Protein chains: 2
Amino acid sequence: MTSQDDDFDPRDFLPYLLNRAADASSLEFQAIYKARYGILRTEWRVLFHLGLFGGMTAKEIGARAGIHKTKISRAVARLEQRRFLSRTRDRRDRRRETLALTGAGRAAYNDLRDVARDYDAALVGDLGTEEAERLRAMLRQLTRGRS
Amino acid sequence: MTSQDDDFDPRDFLPYLLNRAADASSLEFQAIYKARYGILRTEWRVLFHLGLFGGMTAKEIGARAGIHKTKISRAVARLEQRRFLSRTRDRRDRRRETLALTGAGRAAYNDLRDVARDYDAALVGDLGTEEAERLRAMLRQLTRGRS
DNA sequence: AGCTAACAGTTGAATTTGTAACTAACAAGC
DNA sequence: GCTTGTTAGTTACAAATTCAACTGTTAGCT
């Protein structure tokens with residue numbers, strides 16, 4: 001497959017384009033949750049997994065979101081400090097602790113979910129509804145089996 | 001625009017899907033340039049801009065790639081240490097220095113460009129050629145005006 | 001029971017990044 | 001020529017991330 005020709009422009013490289021679009025599209029939203037709740041990207045992700053699925057362990061969040069356990073551990077500690085979540089140690093298996101949002105955590109989740117919805121709508125507006133759906137499908141496919 | 005309904009699933013959020021696909025699709029390639037040349041992502045990006053466009057200043061690379069000048073500065077320093085690039089201070093404006101790949105730098109660029117081409121082809125294989133072109137166009141559009 | 005391996009989660013040290021302040025060089029106005 | 005403002009690039013310090021080693025707990029095997 002490897003060729004000698006000089007006909008490949010790395011600016012077209014999909015991982016490059018994906019990274020740039022990901023960075024660009026995250027920037028504004030990131031500024032919002034940082035300003036409103038003083039949280040970082042990993043913390044927002046933990047928040048949204050708990051908001052969406054209810055109680056989960058750190059391990060499960062990491063597995064679903066593709067985030068390393070040390071990052072989760074530190075994000076959970078900070079969210080706990082800010083009283084956005086609480087931990088409950090499992091009776092059956094005392095290594096595991098189930099995480100759940102507090103009232104404040106759920107309020108933040110609901111707020112940010114709404115902001116995300118609006119922001120997503122703006123992006124979809126740029127692309128057209130049908131194209132945006134195509135995009136989501138392709139992004140899921142690229143992630144599947146590779147993460 | 002903001003709604004009270006509960007009908008938005010953050011797993012569909014485009015920045016989230018973009019970030020996951022970007023991470024997933026970068027991982028393998030990242031492992032390759034790290035293992036072969038001991039370089040990081042920003043260093044690879046600097047390398048590929050220089051390989052593609054020839055001599056440029058750090059500022060220009062940063063502007064084109066959307067990378068902050070401090071990251072560029074450190075990436076350039078490391079690439080210089082590894083003898084992948086050399087600097088030439090401009091006669092006309094002695095604040096500026098033009099960067100250019102050395103022989104070793106060009107060899108690394110050529111090698112990695114080929115790897116990138118093959119890797120890109122594998123991703124395109126997953127999506128289909130036409131869909132992949134659509135994807136690139138959408139990613140460029142999302143980046144445009146937002147970065 | 002006693003031993004070993006695996007697992008959930010945390011922590012410390014080294015690396016990397018981000019923010020702001022800095023140096024050196026140029027440019028424009030007076 | 002001298003001030004003031006801007007620019008290219010670097011650096012210092014704080015914050016975040018990674019990697020490996022660690023604690024405490026469970027499960028399996030003999």
# chains A, B, ... in the order shown; residues from 1 in each chain; ligands from 1
>>> select_by_dssp(residues="segment 46-121 of chain B", states="alpha helix (DSSP H)", output="CSV table (one decimal) with all heavy atoms, in the first residue's frame")
chain,number,residue,atom,x,y,z
B,46,VAL,N,4.2,20.3,13.5
B,46,VAL,CA,5.2,21.2,13.0
B,46,VAL,C,6.0,20.6,11.8
B,46,VAL,O,6.2,21.2,10.8
B,46,VAL,CB,6.2,21.6,14.1
B,46,VAL,CG1,7.4,22.4,13.6
B,46,VAL,CG2,5.5,22.5,15.1
B,47,LEU,N,6.4,19.3,12.0
B,47,LEU,CA,7.2,18.6,11.0
B,47,LEU,C,6.4,18.5,9.7
B,47,LEU,O,6.9,18.8,8.6
B,47,LEU,CB,7.4,17.2,11.5
B,47,LEU,CG,8.4,16.3,10.7
B,47,LEU,CD1,9.8,16.7,11.0
B,47,LEU,CD2,8.2,14.8,11.1
B,48,PHE,N,5.1,18.3,9.8
B,48,PHE,CA,4.3,18.1,8.6
B,48,PHE,C,4.1,19.4,7.9
B,48,PHE,O,4.1,19.5,6.7
B,48,PHE,CB,3.1,17.2,8.8
B,48,PHE,CG,1.7,17.7,8.8
B,48,PHE,CD1,1.2,18.6,7.9
B,48,PHE,CD2,0.9,17.3,9.8
B,48,PHE,CE1,-0.1,19.1,8.0
B,48,PHE,CE2,-0.4,17.7,9.9
B,48,PHE,CZ,-0.9,18.6,9.0
B,49,HIS,N,3.9,20.5,8.6
B,49,HIS,CA,3.8,21.8,8.0
B,49,HIS,C,5.1,22.2,7.3
B,49,HIS,O,5.0,22.7,6.1
B,49,HIS,CB,3.4,22.9,9.0
B,49,HIS,CG,1.9,22.9,9.2
B,49,HIS,ND1,1.3,22.1,10.1
B,49,HIS,CD2,1.0,23.7,8.6
B,49,HIS,CE1,0.0,22.4,10.0
B,49,HIS,NE2,-0.3,23.3,9.2
B,50,LEU,N,6.2,21.9,7.9
B,50,LEU,CA,7.5,22.2,7.2
B,50,LEU,C,7.7,21.3,6.0
B,50,LEU,O,8.2,21.8,5.0
B,50,LEU,CB,8.6,22.1,8.2
B,50,LEU,CG,8.6,23.2,9.3
B,50,LEU,CD1,9.7,23.0,10.3
B,50,LEU,CD2,8.8,24.6,8.7
B,51,GLY,N,7.4,20.1,6.2
B,51,GLY,CA,7.6,19.1,5.1
B,51,GLY,C,6.7,19.5,3.9
B,51,GLY,O,7.1,19.4,2.7
B,52,LEU,N,5.5,20.0,4.2
B,52,LEU,CA,4.6,20.3,3.1
B,52,LEU,C,4.9,21.6,2.5
B,52,LEU,O,4.8,21.8,1.2
B,52,LEU,CB,3.2,20.3,3.7
B,52,LEU,CG,2.0,20.4,2.7
B,52,LEU,CD1,2.0,19.2,1.8
B,52,LEU,CD2,0.7,20.5,3.5
B,53,PHE,N,5.2,22.6,3.3
B,53,PHE,CA,5.3,24.0,2.7
B,53,PHE,C,6.7,24.5,2.6
B,53,PHE,O,7.0,25.6,2.1
B,53,PHE,CB,4.5,25.0,3.6
B,53,PHE,CG,3.1,24.7,3.7
B,53,PHE,CD1,2.5,24.3,4.9
B,53,PHE,CD2,2.3,24.8,2.5
B,53,PHE,CE1,1.1,24.0,4.9
B,53,PHE,CE2,0.9,24.5,2.6
B,53,PHE,CZ,0.3,24.1,3.8
B,58,ALA,N,7.8,30.2,12.8
B,58,ALA,CA,7.0,29.6,13.9
B,58,ALA,C,5.6,30.2,13.9
B,58,ALA,O,4.6,29.5,14.0
B,58,ALA,CB,7.6,29.8,15.2
B,59,LYS,N,5.5,31.5,13.7
B,59,LYS,CA,4.2,32.2,13.7
B,59,LYS,C,3.3,31.6,12.6
B,59,LYS,O,2.1,31.4,12.9
B,59,LYS,CB,4.5,33.7,13.5
B,59,LYS,CG,3.3,34.6,13.4
B,59,LYS,CD,3.0,35.1,14.8
B,59,LYS,CE,1.6,35.7,14.9
B,59,LYS,NZ,1.5,37.0,14.2
B,60,GLU,N,3.8,31.5,11.4
B,60,GLU,CA,3.0,31.0,10.3
B,60,GLU,C,2.5,29.6,10.6
B,60,GLU,O,1.3,29.3,10.3
B,60,GLU,CB,3.8,31.0,9.0
B,60,GLU,CG,4.0,32.3,8.4
B,60,GLU,CD,5.0,32.3,7.2
B,60,GLU,OE1,6.1,31.8,7.3
B,60,GLU,OE2,4.5,32.6,6.1
B,61,ILE,N,3.4,28.7,11.1
B,61,ILE,CA,2.9,27.4,11.5
B,61,ILE,C,1.8,27.4,12.4
B,61,ILE,O,0.7,26.8,12.3
B,61,ILE,CB,4.1,26.5,12.0
B,61,ILE,CG1,5.2,26.4,11.0
B,61,ILE,CG2,3.6,25.2,12.5
B,61,ILE,CD1,6.4,25.7,11.5
B,62,GLY,N,2.0,28.2,13.5
B,62,GLY,CA,0.9,28.4,14.5
B,62,GLY,C,-0.4,28.9,13.9
B,62,GLY,O,-1.5,28.3,14.2
B,63,ALA,N,-0.3,29.8,13.0
B,63,ALA,CA,-1.5,30.4,12.4
B,63,ALA,C,-2.2,29.4,11.6
B,63,ALA,O,-3.5,29.2,11.7
B,63,ALA,CB,-1.2,31.6,11.6
B,64,ARG,N,-1.5,28.6,10.8
B,64,ARG,CA,-2.1,27.6,9.9
B,64,ARG,C,-2.7,26.5,10.7
B,64,ARG,O,-3.7,25.9,10.3
B,64,ARG,CB,-1.1,27.1,8.9
B,64,ARG,CG,-0.7,28.0,7.8
B,64,ARG,CD,0.1,27.3,6.8
B,64,ARG,NE,0.8,28.2,5.9
B,64,ARG,CZ,0.5,28.4,4.6
B,64,ARG,NH1,-0.6,27.8,4.1
B,64,ARG,NH2,1.2,29.2,3.8
B,65,ALA,N,-1.9,26.0,11.7
B,65,ALA,CA,-2.3,24.8,12.4
B,65,ALA,C,-3.3,25.1,13.6
B,65,ALA,O,-3.8,24.2,14.2
B,65,ALA,CB,-1.1,24.0,12.8
B,69,LYS,N,1.5,29.8,20.3
B,69,LYS,CA,3.0,30.0,20.0
B,69,LYS,C,3.9,29.4,21.0
B,69,LYS,O,5.0,29.0,20.7
B,69,LYS,CB,3.3,31.5,19.9
B,69,LYS,CG,3.0,32.3,21.1
B,69,LYS,CD,3.3,33.8,20.9
B,69,LYS,CE,3.0,34.6,22.2
B,69,LYS,NZ,3.5,36.0,22.1
B,70,THR,N,3.4,29.2,22.3
B,70,THR,CA,4.3,28.6,23.3
B,70,THR,C,4.5,27.1,23.0
B,70,THR,O,5.6,26.5,23.1
B,70,THR,CB,3.8,28.7,24.7
B,70,THR,OG1,2.5,28.1,24.8
B,70,THR,CG2,3.7,30.2,25.1
B,71,LYS,N,3.4,26.5,22.5
B,71,LYS,CA,3.5,25.1,22.1
B,71,LYS,C,4.5,24.9,20.9
B,71,LYS,O,5.3,24.0,20.9
B,71,LYS,CB,2.1,24.5,21.8
B,71,LYS,CG,1.4,23.9,23.0
B,71,LYS,CD,0.0,23.5,22.6
B,71,LYS,CE,-0.1,22.0,22.4
B,71,LYS,NZ,-1.6,21.6,22.2
B,72,ILE,N,4.3,25.8,20.0
B,72,ILE,CA,5.2,25.8,18.8
B,72,ILE,C,6.6,26.0,19.2
B,72,ILE,O,7.5,25.2,18.8
B,72,ILE,CB,4.8,26.9,17.8
B,72,ILE,CG1,3.4,26.8,17.3
B,72,ILE,CG2,5.8,26.9,16.6
B,72,ILE,CD1,3.2,25.9,16.2
B,73,SER,N,6.8,26.9,20.1
B,73,SER,CA,8.2,27.3,20.5
B,73,SER,C,8.9,26.0,21.1
B,73,SER,O,10.0,25.7,20.8
B,73,SER,CB,8.2,28.4,21.5
B,73,SER,OG,9.4,28.6,22.1
B,74,ARG,N,8.1,25.3,22.0
B,74,ARG,CA,8.7,24.2,22.6
B,74,ARG,C,8.9,23.0,21.6
B,74,ARG,O,9.9,22.3,21.7
B,74,ARG,CB,7.9,23.7,23.8
B,74,ARG,CG,8.0,24.8,24.9
B,74,ARG,CD,7.4,24.4,26.3
B,74,ARG,NE,6.1,24.9,26.5
B,74,ARG,CZ,5.8,25.7,27.5
B,74,ARG,NH1,6.6,26.0,28.4
B,74,ARG,NH2,4.5,26.1,27.6
B,75,ALA,N,7.9,22.8,20.7
B,75,ALA,CA,8.0,21.8,19.8
B,75,ALA,C,9.2,22.0,18.8
B,75,ALA,O,10.0,21.1,18.5
B,75,ALA,CB,6.8,21.7,18.9
B,76,VAL,N,9.4,23.3,18.4
B,76,VAL,CA,10.6,23.6,17.6
B,76,VAL,C,11.9,23.3,18.3
B,76,VAL,O,12.8,22.7,17.7
B,76,VAL,CB,10.5,25.1,17.1
B,76,VAL,CG1,11.8,25.5,16.5
B,76,VAL,CG2,9.3,25.3,16.1
B,77,ALA,N,11.9,23.7,19.6
B,77,ALA,CA,13.2,23.4,20.3
B,77,ALA,C,13.5,22.0,20.4
B,77,ALA,O,14.7,21.6,20.2
B,77,ALA,CB,13.0,24.0,21.8
B,78,ARG,N,12.5,21.1,20.6
B,78,ARG,CA,12.7,19.7,20.7
B,78,ARG,C,13.1,19.1,19.3
B,78,ARG,O,14.0,18.2,19.2
B,78,ARG,CB,11.5,18.9,21.2
B,78,ARG,CG,11.5,19.0,22.8
B,78,ARG,CD,10.4,18.2,23.4
B,78,ARG,NE,9.1,18.9,23.1
B,78,ARG,CZ,8.1,18.9,24.0
B,78,ARG,NH1,8.2,18.4,25.2
B,78,ARG,NH2,7.0,19.6,23.6
B,79,LEU,N,12.5,19.6,18.3
B,79,LEU,CA,12.8,19.1,16.9
B,79,LEU,C,14.2,19.5,16.5
B,79,LEU,O,14.9,18.8,15.8
B,79,LEU,CB,11.8,19.6,15.9
B,79,LEU,CG,10.4,19.0,15.9
B,79,LEU,CD1,9.4,19.7,15.0
B,79,LEU,CD2,10.5,17.5,15.5
B,80,GLU,N,14.6,20.7,17.0
B,80,GLU,CA,16.0,21.2,16.7
B,80,GLU,C,17.0,20.3,17.5
B,80,GLU,O,18.0,19.9,16.9
B,80,GLU,CB,16.1,22.6,17.2
B,80,GLU,CG,17.4,23.2,16.7
B,80,GLU,CD,17.6,24.6,17.3
B,80,GLU,OE1,17.1,24.9,18.4
B,80,GLU,OE2,18.3,25.4,16.6
B,81,GLN,N,16.7,20.0,18.7
B,81,GLN,CA,17.6,19.1,19.5
B,81,GLN,C,17.8,17.8,18.8
B,81,GLN,O,18.9,17.2,18.8
B,81,GLN,CB,17.0,18.8,20.8
B,81,GLN,CG,17.3,19.8,21.9
B,81,GLN,CD,16.9,19.3,23.3
B,81,GLN,OE1,15.9,18.6,23.4
B,81,GLN,NE2,17.6,19.6,24.3
B,103,GLY,N,18.0,17.0,6.5
B,103,GLY,CA,17.8,15.7,5.8
B,103,GLY,C,17.0,14.7,6.6
B,103,GLY,O,16.1,14.1,6.2
B,104,ALA,N,17.5,14.6,7.9
B,104,ALA,CA,16.8,13.7,8.8
B,104,ALA,C,15.3,14.1,9.0
B,104,ALA,O,14.4,13.2,9.0
B,104,ALA,CB,17.5,13.6,10.1
B,105,GLY,N,15.1,15.3,9.1
B,105,GLY,CA,13.7,15.8,9.3
B,105,GLY,C,12.8,15.5,8.1
B,105,GLY,O,11.7,15.0,8.2
B,106,ARG,N,13.4,15.7,6.9
B,106,ARG,CA,12.7,15.4,5.7
B,106,ARG,C,12.4,13.9,5.5
B,106,ARG,O,11.3,13.5,5.1
B,106,ARG,CB,13.4,15.9,4.4
B,106,ARG,CG,12.7,15.6,3.1
B,106,ARG,CD,12.9,16.7,2.1
B,106,ARG,NE,12.3,18.0,2.5
B,106,ARG,CZ,11.0,18.2,2.4
B,106,ARG,NH1,10.1,17.3,1.9
B,106,ARG,NH2,10.5,19.4,2.8
B,107,ALA,N,13.4,13.1,5.9
B,107,ALA,CA,13.2,11.6,5.8
B,107,ALA,C,12.1,11.2,6.8
B,107,ALA,O,11.2,10.4,6.4
B,107,ALA,CB,14.5,10.9,6.2
B,108,ALA,N,12.1,11.8,8.0
B,108,ALA,CA,11.0,11.4,8.9
B,108,ALA,C,9.6,11.9,8.4
B,108,ALA,O,8.6,11.2,8.4
B,108,ALA,CB,11.3,12.1,10.3
B,109,TYR,N,9.6,13.1,7.8
B,109,TYR,CA,8.4,13.6,7.2
B,109,TYR,C,7.9,12.7,6.1
B,109,TYR,O,6.7,12.3,6.1
B,109,TYR,CB,8.6,15.0,6.7
B,109,TYR,CG,7.4,15.4,5.8
B,109,TYR,CD1,6.2,15.8,6.3
B,109,TYR,CD2,7.6,15.5,4.4
B,109,TYR,CE1,5.1,16.1,5.5
B,109,TYR,CE2,6.5,15.8,3.6
B,109,TYR,CZ,5.3,16.2,4.2
B,109,TYR,OH,4.2,16.5,3.4
B,110,ASN,N,8.8,12.3,5.2
B,110,ASN,CA,8.3,11.4,4.1
B,110,ASN,C,7.8,10.1,4.6
B,110,ASN,O,6.8,9.6,4.1
B,110,ASN,CB,9.5,11.2,3.2
B,110,ASN,CG,9.8,12.4,2.3
B,110,ASN,OD1,9.0,13.2,2.1
B,110,ASN,ND2,11.1,12.5,1.9
B,111,ASP,N,8.5,9.6,5.6
B,111,ASP,CA,8.1,8.3,6.2
B,111,ASP,C,6.7,8.4,6.8
B,111,ASP,O,5.8,7.7,6.5
B,111,ASP,CB,9.1,7.8,7.2
B,111,ASP,CG,8.7,6.6,7.9
B,111,ASP,OD1,8.0,5.7,7.2
B,111,ASP,OD2,8.9,6.4,9.1
B,112,LEU,N,6.5,9.4,7.6
B,112,LEU,CA,5.2,9.6,8.3
B,112,LEU,C,4.1,10.0,7.4
B,112,LEU,O,3.0,9.6,7.6
B,112,LEU,CB,5.4,10.6,9.5
B,112,LEU,CG,6.3,10.1,10.6
B,112,LEU,CD1,6.5,11.2,11.7
B,112,LEU,CD2,5.6,8.8,11.3
B,113,ARG,N,4.5,10.7,6.4
B,113,ARG,CA,3.4,11.1,5.4
B,113,ARG,C,2.9,9.8,4.8
B,113,ARG,O,1.7,9.7,4.6
B,113,ARG,CB,4.0,12.1,4.4
B,113,ARG,CG,2.9,12.6,3.4
B,113,ARG,CD,3.6,13.0,2.1
B,113,ARG,NE,4.4,11.9,1.6
B,113,ARG,CZ,5.5,12.0,0.9
B,113,ARG,NH1,5.9,13.2,0.6
B,113,ARG,NH2,6.2,10.9,0.5
B,114,ASP,N,3.8,8.9,4.4
B,114,ASP,CA,3.3,7.7,3.8
B,114,ASP,C,2.5,6.9,4.8
B,114,ASP,O,1.4,6.3,4.4
B,114,ASP,CB,4.5,6.8,3.4
B,114,ASP,CG,5.1,7.4,2.1
B,114,ASP,OD1,4.5,8.3,1.5
B,114,ASP,OD2,6.2,6.9,1.7
B,115,VAL,N,2.9,6.8,6.0
B,115,VAL,CA,2.1,6.1,7.0
B,115,VAL,C,0.7,6.7,7.2
B,115,VAL,O,-0.3,6.1,7.2
B,115,VAL,CB,2.8,6.1,8.4
B,115,VAL,CG1,1.9,5.5,9.5
B,115,VAL,CG2,4.1,5.4,8.4
B,116,ALA,N,0.7,8.1,7.2
B,116,ALA,CA,-0.6,8.8,7.3
B,116,ALA,C,-1.5,8.5,6.1
B,116,ALA,O,-2.7,8.3,6.2
B,116,ALA,CB,-0.3,10.3,7.4
B,117,ARG,N,-0.9,8.5,4.9
B,117,ARG,CA,-1.6,8.2,3.7
B,117,ARG,C,-2.3,6.8,3.8
B,117,ARG,O,-3.5,6.7,3.6
B,117,ARG,CB,-0.7,8.2,2.5
B,117,ARG,CG,-1.5,8.0,1.2
B,117,ARG,CD,-0.6,7.4,0.1
B,117,ARG,NE,0.8,7.6,0.3
B,117,ARG,CZ,1.5,8.5,-0.4
B,117,ARG,NH1,1.0,9.2,-1.4
B,117,ARG,NH2,2.8,8.6,-0.1
B,118,ASP,N,-1.5,5.8,4.3
B,118,ASP,CA,-2.1,4.5,4.4
B,118,ASP,C,-3.2,4.4,5.5
B,118,ASP,O,-4.2,3.8,5.3
B,118,ASP,CB,-1.0,3.5,4.7
B,118,ASP,CG,0.0,3.3,3.6
B,118,ASP,OD1,-0.3,3.9,2.5
B,118,ASP,OD2,1.0,2.7,3.8
B,119,TYR,N,-2.9,5.1,6.6
B,119,TYR,CA,-3.8,5.1,7.6
B,119,TYR,C,-5.1,5.8,7.2
B,119,TYR,O,-6.2,5.3,7.5
B,119,TYR,CB,-3.2,5.8,8.9
B,119,TYR,CG,-4.1,5.6,10.1
B,119,TYR,CD1,-4.4,4.3,10.6
B,119,TYR,CD2,-4.5,6.7,10.8
B,119,TYR,CE1,-5.2,4.2,11.7
B,119,TYR,CE2,-5.3,6.6,12.0
B,119,TYR,CZ,-5.6,5.3,12.4
B,119,TYR,OH,-6.4,5.2,13.5
B,120,ASP,N,-5.0,6.9,6.5
B,120,ASP,CA,-6.2,7.6,6.0
B,120,ASP,C,-7.0,6.7,5.1
B,120,ASP,O,-8.2,6.7,5.2
B,120,ASP,CB,-5.7,8.9,5.3
B,120,ASP,CG,-6.9,9.8,5.1
B,120,ASP,OD1,-7.2,10.6,6.0
B,120,ASP,OD2,-7.5,9.8,4.0
B,121,ALA,N,-6.2,6.0,4.3
B,121,ALA,CA,-6.9,5.1,3.3
B,121,ALA,C,-7.8,4.0,4.1
B,121,ALA,O,-8.9,3.7,3.6
B,121,ALA,CB,-5.9,4.4,2.4
>>> residues_around(residues="DT30 of chain D", least_positions_apart="5", cutoff="12 Å", atoms="only C-alpha atoms (C1' of nucleotides)", output="list of chain:residue names")
C:DA1, C:DG2, C:DC3, C:DT4
>>> atom_distance(atom1="atom C1' of DT11 of chain C", atom2="atom C1' of DC22 of chain D")
7.4 Å
>>> closest_atom_pairs(of="chain D", to="chain B", cutoff="12 Å", atoms="only C-alpha atoms (C1' of nucleotides)", output="tab-separated table")
residue	atom	partner	partner_atom	distance
D:DT7	C1'	B:Arg95	CA	8.2
D:DA8	C1'	B:Arg95	CA	5.3
D:DG9	C1'	B:Ser73	CA	7.1
D:DT10	C1'	B:Ser73	CA	7.4
D:DT11	C1'	B:Thr70	CA	9.5
>>> closest_atom_pairs(of="chain C", to="segment 21-42 of chain B", cutoff="12 Å", atoms="only C-alpha atoms (C1' of nucleotides)", output="tab-separated table")
residue	atom	partner	partner_atom	distance
C:DT15	C1'	B:Leu40	CA	11.6
C:DT16	C1'	B:Leu40	CA	10.1
C:DT17	C1'	B:Thr42	CA	11.4
>>> atom_distance(atom1="atom CA of Leu99 of chain B", atom2="atom CA of Asp9 of chain A")
19.7 Å
>>> interface_residues(of="chain C", to="chain A", cutoff="9 Å", atoms="only C-alpha atoms (C1' of nucleotides)", output="PyMOL selection string")
chain C and resi 7-10
>>> closest_residue(among="A:Leu139, A:Arg45, A:Gly145, A:Val124", to="chain B", atoms="only C-alpha atoms")
A:Leu139
>>> select_by_dssp(residues="segment 60-143 of chain B", states="strand (DSSP E)", output="list in words")
Leu85, Ser86, Arg87, Thr88, Arg89, Glu97, Thr98, Leu99, Ala100 and Leu101 of chain B
>>> residues_around(residues="DG5 of chain D", least_positions_apart="4", cutoff="12 Å", atoms="only C-alpha atoms (C1' of nucleotides)", output="JSON list (two decimals) with N, CA, C and O atoms (P, O5', C5', C4', C3', O3' and C1' of nucleotides), in the first residue's frame")
[["chain", "number", "residue", "atom", "x", "y", "z"],
["C", 26, "DC", "P", 15.62, 44.20, 13.69],
["C", 26, "DC", "O5'", 14.32, 45.10, 13.50],
["C", 26, "DC", "C5'", 13.22, 44.52, 12.83],
["C", 26, "DC", "C4'", 11.98, 45.32, 13.13],
["C", 26, "DC", "C3'", 11.88, 46.64, 12.37],
["C", 26, "DC", "O3'", 10.77, 46.55, 11.50],
["C", 26, "DC", "C1'", 11.16, 46.82, 14.62],
["C", 27, "DA", "P", 10.55, 47.62, 10.34],
["C", 27, "DA", "O5'", 9.03, 48.08, 10.50],
["C", 27, "DA", "C5'", 8.34, 47.87, 11.71],
["C", 27, "DA", "C4'", 7.41, 49.03, 11.98],
["C", 27, "DA", "C3'", 7.58, 50.25, 11.09],
["C", 27, "DA", "O3'", 6.30, 50.85, 10.95],
["C", 27, "DA", "C1'", 8.00, 50.87, 13.30],
["C", 28, "DA", "P", 6.00, 51.95, 9.82],
["C", 28, "DA", "O5'", 4.94, 52.92, 10.51],
["C", 28, "DA", "C5'", 4.29, 52.52, 11.72],
["C", 28, "DA", "C4'", 4.03, 53.74, 12.57],
["C", 28, "DA", "C3'", 4.03, 55.06, 11.82],
["C", 28, "DA", "O3'", 2.91, 55.82, 12.24],
["C", 28, "DA", "C1'", 5.59, 55.15, 13.59],
["C", 29, "DG", "P", 2.62, 57.27, 11.62],
["C", 29, "DG", "O5'", 2.95, 58.21, 12.85],
["C", 29, "DG", "C5'", 2.31, 57.96, 14.11],
["C", 29, "DG", "C4'", 2.85, 58.93, 15.14],
["C", 29, "DG", "C3'", 2.88, 60.38, 14.64],
["C", 29, "DG", "O3'", 2.37, 61.22, 15.67],
["C", 29, "DG", "C1'", 5.06, 59.72, 15.35]]
>>> closest_residue(among="A:Thr143, A:Thr129, A:Thr102, A:Ser86", to="chain B", atoms="only C-alpha atoms")
A:Thr143
